[in-house]
>>> print(open('coords-v8.cif').read())   # mmCIF, C-alpha atoms
data_work
loop_
_atom_site.group_PDB
_atom_site.id
_atom_site.type_symbol
_atom_site.label_atom_id
_atom_site.label_comp_id
_atom_site.auth_asym_id
_atom_site.auth_seq_id
_atom_site.Cartn_x
_atom_site.Cartn_y
_atom_site.Cartn_z
ATOM 1 C CA MET A 1 -76.917 95.656 37.974
ATOM 2 C CA GLN A 2 -77.983 92.554 39.868
ATOM 3 C CA LYS A 3 -76.745 89.143 38.752
ATOM 4 C CA VAL A 4 -79.466 86.735 39.827
ATOM 5 C CA THR A 5 -79.184 82.959 39.950
ATOM 6 C CA VAL A 6 -82.431 80.987 40.110
ATOM 7 C CA LEU A 7 -82.323 77.560 41.733
ATOM 8 C CA GLY A 8 -85.458 75.543 40.958
ATOM 9 C CA LEU A 9 -87.340 75.758 37.671
ATOM 10 C CA GLY A 10 -90.684 74.279 38.621
ATOM 11 C CA ALA A 11 -94.071 75.859 38.003
ATOM 12 C CA MET A 12 -93.096 78.986 39.941
ATOM 13 C CA GLY A 13 -89.332 79.159 39.458
ATOM 14 C CA ALA A 14 -89.442 78.911 35.675
ATOM 15 C CA GLY A 15 -91.784 81.874 35.401
ATOM 16 C CA MET A 16 -89.687 83.972 37.757
ATOM 17 C CA ALA A 17 -86.481 83.078 35.914
ATOM 18 C CA ALA A 18 -88.035 83.958 32.548
ATOM 19 C CA ASN A 19 -89.090 87.385 33.823
ATOM 20 C CA LEU A 20 -85.644 87.985 35.282
ATOM 21 C CA GLN A 21 -84.155 87.104 31.902
ATOM 22 C CA THR A 22 -86.475 89.598 30.210
ATOM 23 C CA ALA A 23 -85.355 92.243 32.714
ATOM 24 C CA GLY A 24 -81.701 91.493 31.964
ATOM 25 C CA LEU A 25 -81.030 90.272 35.507
ATOM 26 C CA LEU A 26 -80.708 86.503 35.059
ATOM 27 C CA HIS A 27 -77.140 85.344 35.662
ATOM 28 C CA ALA A 28 -77.693 81.585 35.832
ATOM 29 C CA ALA A 29 -80.414 78.988 36.327
ATOM 30 C CA TRP A 30 -80.354 75.430 37.618
ATOM 31 C CA ASN A 31 -82.838 72.649 38.291
ATOM 32 C CA ARG A 32 -82.299 69.319 40.002
ATOM 33 C CA GLY A 33 -84.194 67.360 37.334
ATOM 34 C CA ALA A 34 -82.948 67.549 33.752
ATOM 35 C CA ALA A 35 -86.426 67.618 32.173
ATOM 36 C CA ARG A 36 -87.430 70.990 33.619
ATOM 37 C CA ALA A 37 -84.037 72.496 32.840
ATOM 38 C CA GLU A 38 -84.320 71.328 29.237
ATOM 39 C CA GLN A 39 -87.846 72.724 28.984
ATOM 40 C CA PHE A 40 -86.675 76.083 30.325
ATOM 41 C CA MET A 41 -83.838 76.189 27.809
ATOM 42 C CA ALA A 42 -86.231 75.313 24.976
ATOM 43 C CA ASP A 43 -88.701 78.003 26.072
ATOM 44 C CA THR A 44 -86.195 80.797 26.663
ATOM 45 C CA GLY A 45 -82.995 79.941 24.823
ATOM 46 C CA PHE A 46 -81.117 80.419 28.113
ATOM 47 C CA SER A 47 -78.490 77.781 28.923
ATOM 48 C CA CYS A 48 -78.825 76.255 32.390
ATOM 49 C CA ALA A 49 -75.895 75.536 34.679
ATOM 50 C CA SER A 50 -74.924 71.910 35.226
ATOM 51 C CA SER A 51 -74.405 72.256 38.988
ATOM 52 C CA VAL A 52 -75.440 74.412 41.924
ATOM 53 C CA VAL A 53 -71.850 75.606 42.394
ATOM 54 C CA ASP A 54 -71.579 76.691 38.757
ATOM 55 C CA ALA A 55 -74.951 78.430 39.004
ATOM 56 C CA VAL A 56 -74.195 80.547 42.070
ATOM 57 C CA SER A 57 -70.603 81.432 41.154
ATOM 58 C CA GLY A 58 -70.430 85.152 40.415
ATOM 59 C CA ALA A 59 -74.022 85.850 41.478
ATOM 60 C CA ASN A 60 -74.867 88.635 43.916
ATOM 61 C CA VAL A 61 -78.446 87.387 44.374
ATOM 62 C CA VAL A 62 -79.523 83.757 44.692
ATOM 63 C CA LEU A 63 -83.247 83.065 44.339
ATOM 64 C CA SER A 64 -84.337 79.588 45.364
ATOM 65 C CA CYS A 65 -87.781 78.133 44.797
ATOM 66 C CA VAL A 66 -88.127 74.462 45.715
ATOM 67 C CA SER A 67 -90.677 72.212 47.356
ATOM 68 C CA ALA A 68 -89.591 71.405 50.898
ATOM 69 C CA ASP A 69 -87.484 72.411 53.886
ATOM 70 C CA SER A 70 -84.980 69.620 53.195
ATOM 71 C CA ASP A 71 -84.563 70.832 49.598
ATOM 72 C CA VAL A 72 -83.640 74.334 50.779
ATOM 73 C CA LEU A 73 -81.143 72.998 53.312
ATOM 74 C CA GLN A 74 -79.508 70.793 50.663
ATOM 75 C CA LEU A 75 -79.243 73.692 48.226
ATOM 76 C CA VAL A 76 -77.597 75.947 50.787
ATOM 77 C CA ASP A 77 -75.075 73.251 51.678
ATOM 78 C CA ALA A 78 -74.276 72.608 48.022
ATOM 79 C CA ALA A 79 -73.930 76.309 47.179
ATOM 80 C CA ALA A 80 -71.937 77.368 50.244
ATOM 81 C CA PRO A 81 -68.411 76.895 48.754
ATOM 82 C CA ALA A 82 -69.198 79.247 45.850
ATOM 83 C CA LEU A 83 -71.200 81.966 47.572
ATOM 84 C CA THR A 84 -69.738 85.461 47.587
ATOM 85 C CA ALA A 85 -69.729 87.381 50.872
ATOM 86 C CA GLY A 86 -72.216 90.210 50.711
ATOM 87 C CA CYS A 87 -74.608 88.501 48.320
ATOM 88 C CA VAL A 88 -78.283 88.035 49.194
ATOM 89 C CA TRP A 89 -80.057 84.679 49.242
ATOM 90 C CA VAL A 90 -83.814 85.045 48.634
ATOM 91 C CA ASP A 91 -85.795 81.889 49.326
ATOM 92 C CA SER A 92 -89.234 81.880 47.729
ATOM 93 C CA SER A 93 -90.058 78.342 48.819
ATOM 94 C CA THR A 94 -92.774 77.721 51.371
ATOM 95 C CA ILE A 95 -91.016 76.252 54.403
ATOM 96 C CA SER A 96 -91.257 76.547 58.165
ATOM 97 C CA ALA A 97 -90.186 79.764 59.866
ATOM 98 C CA GLU A 98 -87.839 77.664 62.001
ATOM 99 C CA THR A 99 -86.016 76.351 58.920
ATOM 100 C CA ALA A 100 -85.818 79.882 57.506
ATOM 101 C CA ARG A 101 -84.122 81.081 60.703
ATOM 102 C CA LYS A 102 -81.729 78.115 60.615
ATOM 103 C CA VAL A 103 -80.731 78.904 57.029
ATOM 104 C CA ALA A 104 -80.324 82.601 57.850
ATOM 105 C CA ALA A 105 -77.976 81.839 60.735
ATOM 106 C CA TYR A 106 -75.846 79.533 58.609
ATOM 107 C CA LEU A 107 -75.610 81.970 55.702
ATOM 108 C CA SER A 108 -74.806 84.811 58.089
ATOM 109 C CA SER A 109 -71.721 82.864 59.193
ATOM 110 C CA LEU A 110 -70.615 82.996 55.526
ATOM 111 C CA GLY A 111 -71.268 86.729 55.244
ATOM 112 C CA VAL A 112 -74.405 86.173 53.148
ATOM 113 C CA LEU A 113 -77.685 87.993 53.806
ATOM 114 C CA PHE A 114 -80.952 86.063 53.743
ATOM 115 C CA LEU A 115 -84.612 86.821 53.077
ATOM 116 C CA ASP A 116 -87.419 84.344 53.454
ATOM 117 C CA ALA A 117 -89.682 85.561 50.663
ATOM 118 C CA PRO A 118 -92.466 83.111 49.838
ATOM 119 C CA VAL A 119 -94.767 84.118 47.012
ATOM 120 C CA SER A 120 -98.430 83.883 46.102
ATOM 121 C CA GLY A 121 -100.153 84.133 42.745
ATOM 122 C CA GLY A 122 -99.820 80.675 41.298
ATOM 123 C CA LYS A 123 -98.254 79.650 38.019
ATOM 124 C CA GLU A 124 -100.067 82.474 36.240
ATOM 125 C CA GLY A 125 -98.662 85.078 38.623
ATOM 126 C CA ALA A 126 -95.139 83.721 38.202
ATOM 127 C CA GLU A 127 -95.395 83.773 34.416
ATOM 128 C CA ASN A 128 -96.950 87.246 34.310
ATOM 129 C CA GLY A 129 -94.579 88.845 36.822
ATOM 130 C CA ALA A 130 -97.524 89.516 39.115
ATOM 131 C CA LEU A 131 -96.610 87.695 42.321
ATOM 132 C CA ALA A 132 -97.263 88.884 45.853
ATOM 133 C CA ILE A 133 -94.005 88.577 47.805
ATOM 134 C CA MET A 134 -93.931 88.318 51.616
ATOM 135 C CA CYS A 135 -90.494 88.981 53.087
ATOM 136 C CA GLY A 136 -88.767 88.381 56.371
ATOM 137 C CA GLY A 137 -85.255 89.621 57.075
ATOM 138 C CA GLU A 138 -83.088 92.705 57.422
ATOM 139 C CA ALA A 139 -84.022 95.938 55.675
ATOM 140 C CA ALA A 140 -80.583 96.042 54.031
ATOM 141 C CA ALA A 141 -81.177 92.701 52.334
ATOM 142 C CA TYR A 142 -84.695 93.688 51.314
ATOM 143 C CA ASN A 143 -83.625 97.027 49.831
ATOM 144 C CA ALA A 144 -80.785 95.370 47.935
ATOM 145 C CA VAL A 145 -83.128 93.155 45.898
ATOM 146 C CA LEU A 146 -86.012 95.509 45.081
ATOM 147 C CA SER A 147 -85.115 95.420 41.381
ATOM 148 C CA VAL A 148 -85.524 91.639 41.503
ATOM 149 C CA PHE A 149 -88.967 91.959 43.058
ATOM 150 C CA GLU A 150 -89.934 94.526 40.438
ATOM 151 C CA ALA A 151 -89.168 91.950 37.740
ATOM 152 C CA ILE A 152 -91.185 89.105 39.243
ATOM 153 C CA GLY A 153 -93.890 90.697 41.386
ATOM 154 C CA ALA A 154 -96.785 93.104 41.539
ATOM 155 C CA ARG A 155 -96.635 93.619 45.305
ATOM 156 C CA TRP A 156 -93.893 93.035 47.880
ATOM 157 C CA GLN A 157 -93.616 93.858 51.561
ATOM 158 C CA LEU A 158 -91.077 93.446 54.350
ATOM 159 C CA MET A 159 -93.094 91.895 57.173
ATOM 160 C CA GLY A 160 -90.462 91.733 59.910
ATOM 161 C CA PRO A 161 -87.387 89.654 60.820
ATOM 162 C CA VAL A 162 -86.506 86.303 59.254
ATOM 163 C CA GLY A 163 -89.490 83.981 59.596
ATOM 164 C CA ALA A 164 -92.083 86.725 59.234
ATOM 165 C CA GLY A 165 -92.363 86.060 55.511
ATOM 166 C CA GLN A 166 -93.188 82.407 56.131
ATOM 167 C CA ALA A 167 -95.676 83.321 58.853
ATOM 168 C CA THR A 168 -97.426 85.651 56.407
ATOM 169 C CA LYS A 169 -97.449 82.916 53.754
ATOM 170 C CA ALA A 170 -99.121 80.636 56.306
ATOM 171 C CA VAL A 171 -101.904 83.217 56.612
ATOM 172 C CA ASN A 172 -102.208 83.149 52.821
ATOM 173 C CA GLN A 173 -102.344 79.358 52.676
ATOM 174 C CA ILE A 174 -105.063 79.150 55.322
ATOM 175 C CA MET A 175 -107.127 81.682 53.369
ATOM 176 C CA ALA A 176 -106.507 79.732 50.151
ATOM 177 C CA ALA A 177 -107.780 76.581 51.839
ATOM 178 C CA GLY A 178 -110.943 78.366 52.928
ATOM 179 C CA MET A 179 -111.573 79.770 49.453
ATOM 180 C CA ASN A 180 -110.992 76.361 47.898
ATOM 181 C CA GLN A 181 -113.541 74.809 50.251
ATOM 182 C CA ALA A 182 -116.100 77.555 49.652
ATOM 183 C CA VAL A 183 -115.740 77.847 45.870
ATOM 184 C CA THR A 184 -115.694 74.108 45.119
ATOM 185 C CA GLU A 185 -118.751 73.585 47.320
ATOM 186 C CA ALA A 186 -120.555 76.563 45.755
ATOM 187 C CA MET A 187 -119.799 75.391 42.209
ATOM 188 C CA ALA A 188 -121.069 71.898 43.031
ATOM 189 C CA PHE A 189 -124.244 73.474 44.420
ATOM 190 C CA ALA A 190 -124.627 75.677 41.323
ATOM 191 C CA GLN A 191 -124.425 72.650 39.051
ATOM 192 C CA SER A 192 -126.947 70.763 41.179
ATOM 193 C CA GLN A 193 -129.361 73.627 40.605
ATOM 194 C CA GLY A 194 -128.908 73.438 36.833
ATOM 195 C CA LEU A 195 -127.476 76.953 36.638
ATOM 196 C CA PRO A 196 -125.307 78.119 33.703
ATOM 197 C CA ILE A 197 -121.854 78.079 35.302
ATOM 198 C CA GLU A 198 -120.309 80.742 33.066
ATOM 199 C CA LYS A 199 -123.049 83.197 34.024
ATOM 200 C CA VAL A 200 -122.786 82.252 37.709
ATOM 201 C CA ILE A 201 -119.063 82.996 37.690
ATOM 202 C CA ASP A 202 -119.600 86.275 35.856
ATOM 203 C CA VAL A 203 -122.212 87.671 38.216
ATOM 204 C CA VAL A 204 -121.037 86.177 41.516
ATOM 205 C CA GLY A 205 -117.392 86.880 40.700
ATOM 206 C CA SER A 206 -118.286 90.556 40.306
ATOM 207 C CA GLY A 207 -119.996 90.864 43.679
ATOM 208 C CA ALA A 208 -119.119 90.634 47.339
ATOM 209 C CA ALA A 209 -118.288 86.929 47.024
ATOM 210 C CA GLY A 210 -115.917 87.499 44.110
ATOM 211 C CA ASN A 211 -112.358 86.208 44.463
ATOM 212 C CA TRP A 212 -109.387 85.124 42.364
ATOM 213 C CA PHE A 213 -110.148 81.432 42.768
ATOM 214 C CA VAL A 214 -113.704 81.488 41.446
ATOM 215 C CA ASN A 215 -112.688 83.696 38.527
ATOM 216 C CA HIS A 216 -109.671 81.596 37.535
ATOM 217 C CA ARG A 217 -110.738 78.085 38.502
ATOM 218 C CA GLY A 218 -114.543 78.069 38.586
ATOM 219 C CA GLN A 219 -115.039 77.187 34.936
ATOM 220 C CA SER A 220 -112.156 74.744 34.650
ATOM 221 C CA MET A 221 -113.172 72.736 37.704
ATOM 222 C CA THR A 222 -116.754 72.354 36.511
ATOM 223 C CA ASP A 223 -115.388 71.290 33.109
ATOM 224 C CA GLY A 224 -113.410 68.554 34.882
ATOM 225 C CA CYS A 225 -110.041 70.133 34.073
ATOM 226 C CA PHE A 226 -107.529 70.164 36.925
ATOM 227 C CA THR A 227 -104.278 71.139 35.200
ATOM 228 C CA PRO A 228 -102.027 72.184 38.062
ATOM 229 C CA GLY A 229 -101.423 75.801 38.892
ATOM 230 C CA PHE A 230 -100.862 74.815 42.515
ATOM 231 C CA ARG A 231 -100.737 71.101 43.248
ATOM 232 C CA VAL A 232 -102.807 69.376 45.916
ATOM 233 C CA ALA A 233 -99.734 67.671 47.390
ATOM 234 C CA LEU A 234 -97.881 70.974 47.762
ATOM 235 C CA HIS A 235 -100.786 72.739 49.451
ATOM 236 C CA HIS A 236 -101.138 69.721 51.750
ATOM 237 C CA LYS A 237 -97.455 70.130 52.679
ATOM 238 C CA ASP A 238 -97.943 73.848 53.294
ATOM 239 C CA LEU A 239 -101.029 73.319 55.443
ATOM 240 C CA LYS A 240 -99.123 70.848 57.617
ATOM 241 C CA ILE A 241 -96.676 73.675 58.321
ATOM 242 C CA CYS A 242 -99.625 75.961 59.149
ATOM 243 C CA GLN A 243 -101.072 73.307 61.437
ATOM 244 C CA ASP A 244 -97.794 72.951 63.361
ATOM 245 C CA MET A 245 -97.477 76.723 63.759
ATOM 246 C CA ALA A 246 -101.092 77.030 64.921
ATOM 247 C CA GLU A 247 -100.729 74.228 67.449
ATOM 248 C CA ALA A 248 -97.633 75.903 68.881
ATOM 249 C CA SER A 249 -99.620 79.135 69.249
ATOM 250 C CA GLY A 250 -102.786 77.503 70.564
ATOM 251 C CA VAL A 251 -104.881 78.795 67.655
ATOM 252 C CA PRO A 252 -107.730 76.588 66.324
ATOM 253 C CA THR A 253 -107.633 75.997 62.554
ATOM 254 C CA ARG A 254 -110.719 74.005 61.638
ATOM 255 C CA VAL A 255 -110.532 74.831 57.931
ATOM 256 C CA VAL A 256 -106.933 73.611 57.828
ATOM 257 C CA GLU A 257 -107.833 70.298 59.427
ATOM 258 C CA GLU A 258 -110.788 69.767 57.085
ATOM 259 C CA THR A 259 -108.742 70.597 54.001
ATOM 260 C CA LEU A 260 -105.858 68.379 55.068
ATOM 261 C CA ALA A 261 -108.271 65.455 55.398
ATOM 262 C CA ASP A 262 -109.775 66.175 51.975
ATOM 263 C CA TYR A 263 -106.377 66.517 50.314
ATOM 264 C CA GLN A 264 -105.241 63.271 51.920
ATOM 265 C CA GLN A 265 -108.234 61.543 50.350
ATOM 266 C CA LEU A 266 -107.431 63.050 46.942
ATOM 267 C CA MET A 267 -103.786 61.989 47.191
ATOM 268 C CA GLU A 268 -104.789 58.452 48.113
ATOM 269 C CA GLN A 269 -106.974 58.406 45.007
ATOM 270 C CA GLY A 270 -104.029 59.451 42.838
ATOM 271 C CA PHE A 271 -104.902 63.138 42.392
ATOM 272 C CA GLY A 272 -102.043 64.700 44.381
ATOM 273 C CA ASP A 273 -100.423 66.250 41.307
ATOM 274 C CA GLU A 274 -103.630 67.936 40.153
ATOM 275 C CA ASP A 275 -104.578 71.539 40.861
ATOM 276 C CA ILE A 276 -106.104 72.204 44.282
ATOM 277 C CA SER A 277 -109.432 72.830 42.511
ATOM 278 C CA ALA A 278 -109.544 69.018 42.275
ATOM 279 C CA LEU A 279 -111.274 69.323 45.658
ATOM 280 C CA TYR A 280 -114.338 69.715 43.433
ATOM 281 C CA ARG A 281 -114.058 65.965 42.771
ATOM 282 C CA LEU A 282 -115.173 65.362 46.346
ATOM 283 C CA LYS A 283 -117.843 68.071 46.445
ATOM 284 C CA ARG A 284 -119.673 67.146 43.246
ATOM 285 C CA ARG A 285 -120.585 63.725 44.620
#
>>> encode(input="coords-v8.cif", output="structure tokens")
Amino acid sequence: MQKVTVLGLGAMGAGMAANLQTAGLLHAAWNRGAARAEQFMADTGFSCASSVVDAVSGANVVLSCVSADSDVLQLVDAAAPALTAGCVWVDSSTISAETARKVAAYLSSLGVLFLDAPVSGGKEGAENGALAIMCGGEAAAYNAVLSVFEAIGARWQLMGPVGAGQATKAVNQIMAAGMNQAVTEAMAFAQSQGLPIEKVIDVVGSGAAGNWFVNHRGQSMTDGCFTPGFRVALHHKDLKICQDMAEASGVPTRVVEETLADYQQLMEQGFGDEDISALYRLKRR
């Protein structure tokens, strides 16, 4: 039986930890900020650890889900004294492939296996145990944590060596940017034509143009509700990673550049913590 520690109880981490608890796999949970830890304890009845060291002690799987490269590096440094040789560290954050390889090398020196395993599916996917999980690392590490993926995901795949998971997530984030641009623009156009939005979403969402974003965010955006499932500021951070990777490969990414500029405008207007469907704010003008 796996003993899984979850580090990071944000919008994604809390859902994953709750599903691991339901599956009987959750060993410990920790969050840097007290408010999210307290909310998780109130929601689940599970007591959170007071430190990273306490959280990872005795775990054979560590699952981290935080916001930035620097956060992952700090967690690894803090956890290192208490990690058990042979355990697997699964990082579900969205970071650069270069940072993932740096973390893997460091953990390897401690006898710890590493998977970069970013996820897609939003807050709903995390809560429903329906995430798509993109992994990079050794097959031995991947095979060792399949029961963990079964508890939190609907689809998981080993894409190649360390870094391949993050590269695949970059593909996902570029696609998400394109869908956000297309759906917000289309919904603004639909409203300008006086069409009934609920019926538009029903019929268009069932056809060739149907996608997750229009079905899950089309109505809320046109109602002016932008409760975060995936925050503008986080997608902006992710797209900067995509931009750097694309520049290094000589690949043009026009949709990334356009979306970065739009998100920058939204953040400057104070909407960085809203859902990425807040792009509709710019389109409806």
>>> atom_distance(input="coords-v8.cif", atom1="atom CA of Ala278 of chain A", atom2="atom CA of Leu195 of chain A")
20.4 Å
>>> residues_around(input="coords-v8.cif", residues="segment 95-110 of chain A", least_positions_apart="2", cutoff="8 Å", atoms="all atoms listed in the file", output="ChimeraX atom specification")
/A:68-69,73,76,80,85,93,112-116,162-167,238,241
>>> residues_around(input="coords-v8.cif", residues="Phe40 of chain A", least_positions_apart="3", cutoff="12 Å", atoms="all atoms listed in the file", output="ChimeraX atom specification")
/A:6,8-18,21,28-31,33-37,43-49
>>> atom_distance(input="coords-v8.cif", atom1="atom CA of Val183 of chain A", atom2="atom CA of Thr94 of chain A")
23.6 Å
>>> atom_distance(input="coords-v8.cif", atom1="atom CA of Ala59 of chain A", atom2="atom CA of Lys3 of chain A")
5.1 Å
>>> residues_around(input="coords-v8.cif", residues="Ile197 of chain A", least_positions_apart="3", cutoff="10 Å", atoms="only C-alpha atoms", output="PyMOL selection string")
chain A and resi 187-188+190-191+194+200-202+218-219+222-223
>>> resolve_selection(input="coords-v8.cif", expression="the PyMOL selection byres ((chain A and resi 130) around 9)", output="short mmCIF file (atom, residue, chain, number, x, y, z; two decimals) with C-alpha atoms, in the coordinates of the input")
data_model
loop_
_atom_site.label_atom_id
_atom_site.label_comp_id
_atom_site.auth_asym_id
_atom_site.auth_seq_id
_atom_site.Cartn_x
_atom_site.Cartn_y
_atom_site.Cartn_z
CA GLY A 121 -100.15 84.13 42.74
CA GLU A 124 -100.07 82.47 36.24
CA GLY A 125 -98.66 85.08 38.62
CA ALA A 126 -95.14 83.72 38.20
CA GLU A 127 -95.40 83.77 34.42
CA ASN A 128 -96.95 87.25 34.31
CA GLY A 129 -94.58 88.84 36.82
CA LEU A 131 -96.61 87.70 42.32
CA ALA A 132 -97.26 88.88 45.85
CA ALA A 151 -89.17 91.95 37.74
CA ILE A 152 -91.18 89.10 39.24
CA GLY A 153 -93.89 90.70 41.39
CA ALA A 154 -96.78 93.10 41.54
CA ARG A 155 -96.64 93.62 45.30
#
>>> residues_around(input="coords-v8.cif", residues="segment 60-65 of chain A", least_positions_apart="2", cutoff="7 Å", atoms="all atoms listed in the file", output="list in words")
Gln2, Lys3, Val4, Thr5, Val6, Leu7, Gly8, Gly13, Val56, Gly58, Cys87, Val88, Trp89, Val90, Asp91, Ser92 and Ser93 of chain A
>>> resolve_selection(input="coords-v8.cif", expression="the PyMOL selection byres ((chain A and resi 254-257) around 7)", output="list in words")
Ile174, Ala177, Gly178, Leu239, Gln243, Pro252, Thr253, Glu258, Thr259, Leu260 and Ala261 of chain A
>>> closest_residue(input="coords-v8.cif", among="A:Ser67, A:Ser277, A:Ser220, A:Gln74", to="Gln181 of chain A", atoms="all atoms listed in the file")
A:Ser277
>>> closest_residue(input="coords-v8.cif", among="A:Glu185, A:Glu150, A:Glu138, A:Asp262", to="Thr22 of chain A", atoms="only C-alpha atoms")
A:Glu150
>>> decode(input="coords-v8.cif", residues="segment 184-204 of chain A", atoms="N, CA and C atoms", output="mmCIF file, in the first residue's frame")
data_model
loop_
_atom_site.group_PDB
_atom_site.id
_atom_site.type_symbol
_atom_site.label_atom_id
_atom_site.label_comp_id
_atom_site.auth_asym_id
_atom_site.auth_seq_id
_atom_site.Cartn_x
_atom_site.Cartn_y
_atom_site.Cartn_z
ATOM 1 N N THR A 184 -13.965 32.651 -26.174
ATOM 2 C CA THR A 184 -14.374 33.966 -25.665
ATOM 3 C C THR A 184 -14.785 34.888 -26.812
ATOM 4 N N GLU A 185 -14.066 34.833 -27.920
ATOM 5 C CA GLU A 185 -14.424 35.655 -29.073
ATOM 6 C C GLU A 185 -15.765 35.212 -29.665
ATOM 7 N N ALA A 186 -15.974 33.897 -29.761
ATOM 8 C CA ALA A 186 -17.222 33.374 -30.314
ATOM 9 C C ALA A 186 -18.412 33.716 -29.427
ATOM 10 N N MET A 187 -18.237 33.629 -28.108
ATOM 11 C CA MET A 187 -19.335 33.968 -27.198
ATOM 12 C C MET A 187 -19.665 35.454 -27.250
ATOM 13 N N ALA A 188 -18.640 36.295 -27.395
ATOM 14 C CA ALA A 188 -18.892 37.733 -27.545
ATOM 15 C C ALA A 188 -19.653 37.999 -28.841
ATOM 16 N N PHE A 189 -19.287 37.293 -29.900
ATOM 17 C CA PHE A 189 -19.989 37.440 -31.178
ATOM 18 C C PHE A 189 -21.437 36.968 -31.055
ATOM 19 N N ALA A 190 -21.639 35.824 -30.369
ATOM 20 C CA ALA A 190 -22.994 35.292 -30.205
ATOM 21 C C ALA A 190 -23.881 36.291 -29.472
ATOM 22 N N GLN A 191 -23.342 36.915 -28.434
ATOM 23 C CA GLN A 191 -24.146 37.902 -27.709
ATOM 24 C C GLN A 191 -24.440 39.122 -28.580
ATOM 25 N N SER A 192 -23.477 39.518 -29.401
ATOM 26 C CA SER A 192 -23.706 40.681 -30.264
ATOM 27 C C SER A 192 -24.802 40.421 -31.284
ATOM 28 N N GLN A 193 -25.037 39.152 -31.571
ATOM 29 C CA GLN A 193 -26.083 38.785 -32.526
ATOM 30 C C GLN A 193 -27.428 38.545 -31.837
ATOM 31 N N GLY A 194 -27.478 38.722 -30.522
ATOM 32 C CA GLY A 194 -28.717 38.546 -29.793
ATOM 33 C C GLY A 194 -29.169 37.109 -29.674
ATOM 34 N N LEU A 195 -28.227 36.164 -29.790
ATOM 35 C CA LEU A 195 -28.577 34.748 -29.726
ATOM 36 C C LEU A 195 -28.743 34.283 -28.282
ATOM 37 N N PRO A 196 -29.604 33.285 -28.043
ATOM 38 C CA PRO A 196 -29.742 32.709 -26.699
ATOM 39 C C PRO A 196 -28.520 31.846 -26.383
ATOM 40 N N ILE A 197 -27.701 32.297 -25.449
ATOM 41 C CA ILE A 197 -26.400 31.675 -25.202
ATOM 42 C C ILE A 197 -26.529 30.212 -24.794
ATOM 43 N N GLU A 198 -27.494 29.887 -23.958
ATOM 44 C CA GLU A 198 -27.643 28.496 -23.520
ATOM 45 C C GLU A 198 -27.877 27.570 -24.711
ATOM 46 N N LYS A 199 -28.682 28.016 -25.668
ATOM 47 C CA LYS A 199 -28.956 27.201 -26.844
ATOM 48 C C LYS A 199 -27.737 27.143 -27.762
ATOM 49 N N VAL A 200 -27.001 28.248 -27.859
ATOM 50 C CA VAL A 200 -25.772 28.252 -28.659
ATOM 51 C C VAL A 200 -24.801 27.207 -28.127
ATOM 52 N N ILE A 201 -24.592 27.218 -26.815
ATOM 53 C CA ILE A 201 -23.655 26.277 -26.202
ATOM 54 C C ILE A 201 -24.119 24.842 -26.420
ATOM 55 N N ASP A 202 -25.409 24.609 -26.302
ATOM 56 C CA ASP A 202 -25.946 23.262 -26.457
ATOM 57 C C ASP A 202 -25.707 22.720 -27.861
ATOM 58 N N VAL A 203 -26.010 23.529 -28.867
ATOM 59 C CA VAL A 203 -25.916 23.012 -30.236
ATOM 60 C C VAL A 203 -24.481 23.045 -30.755
ATOM 61 N N VAL A 204 -23.774 24.143 -30.508
ATOM 62 C CA VAL A 204 -22.390 24.238 -30.986
ATOM 63 C C VAL A 204 -21.491 23.282 -30.205
#
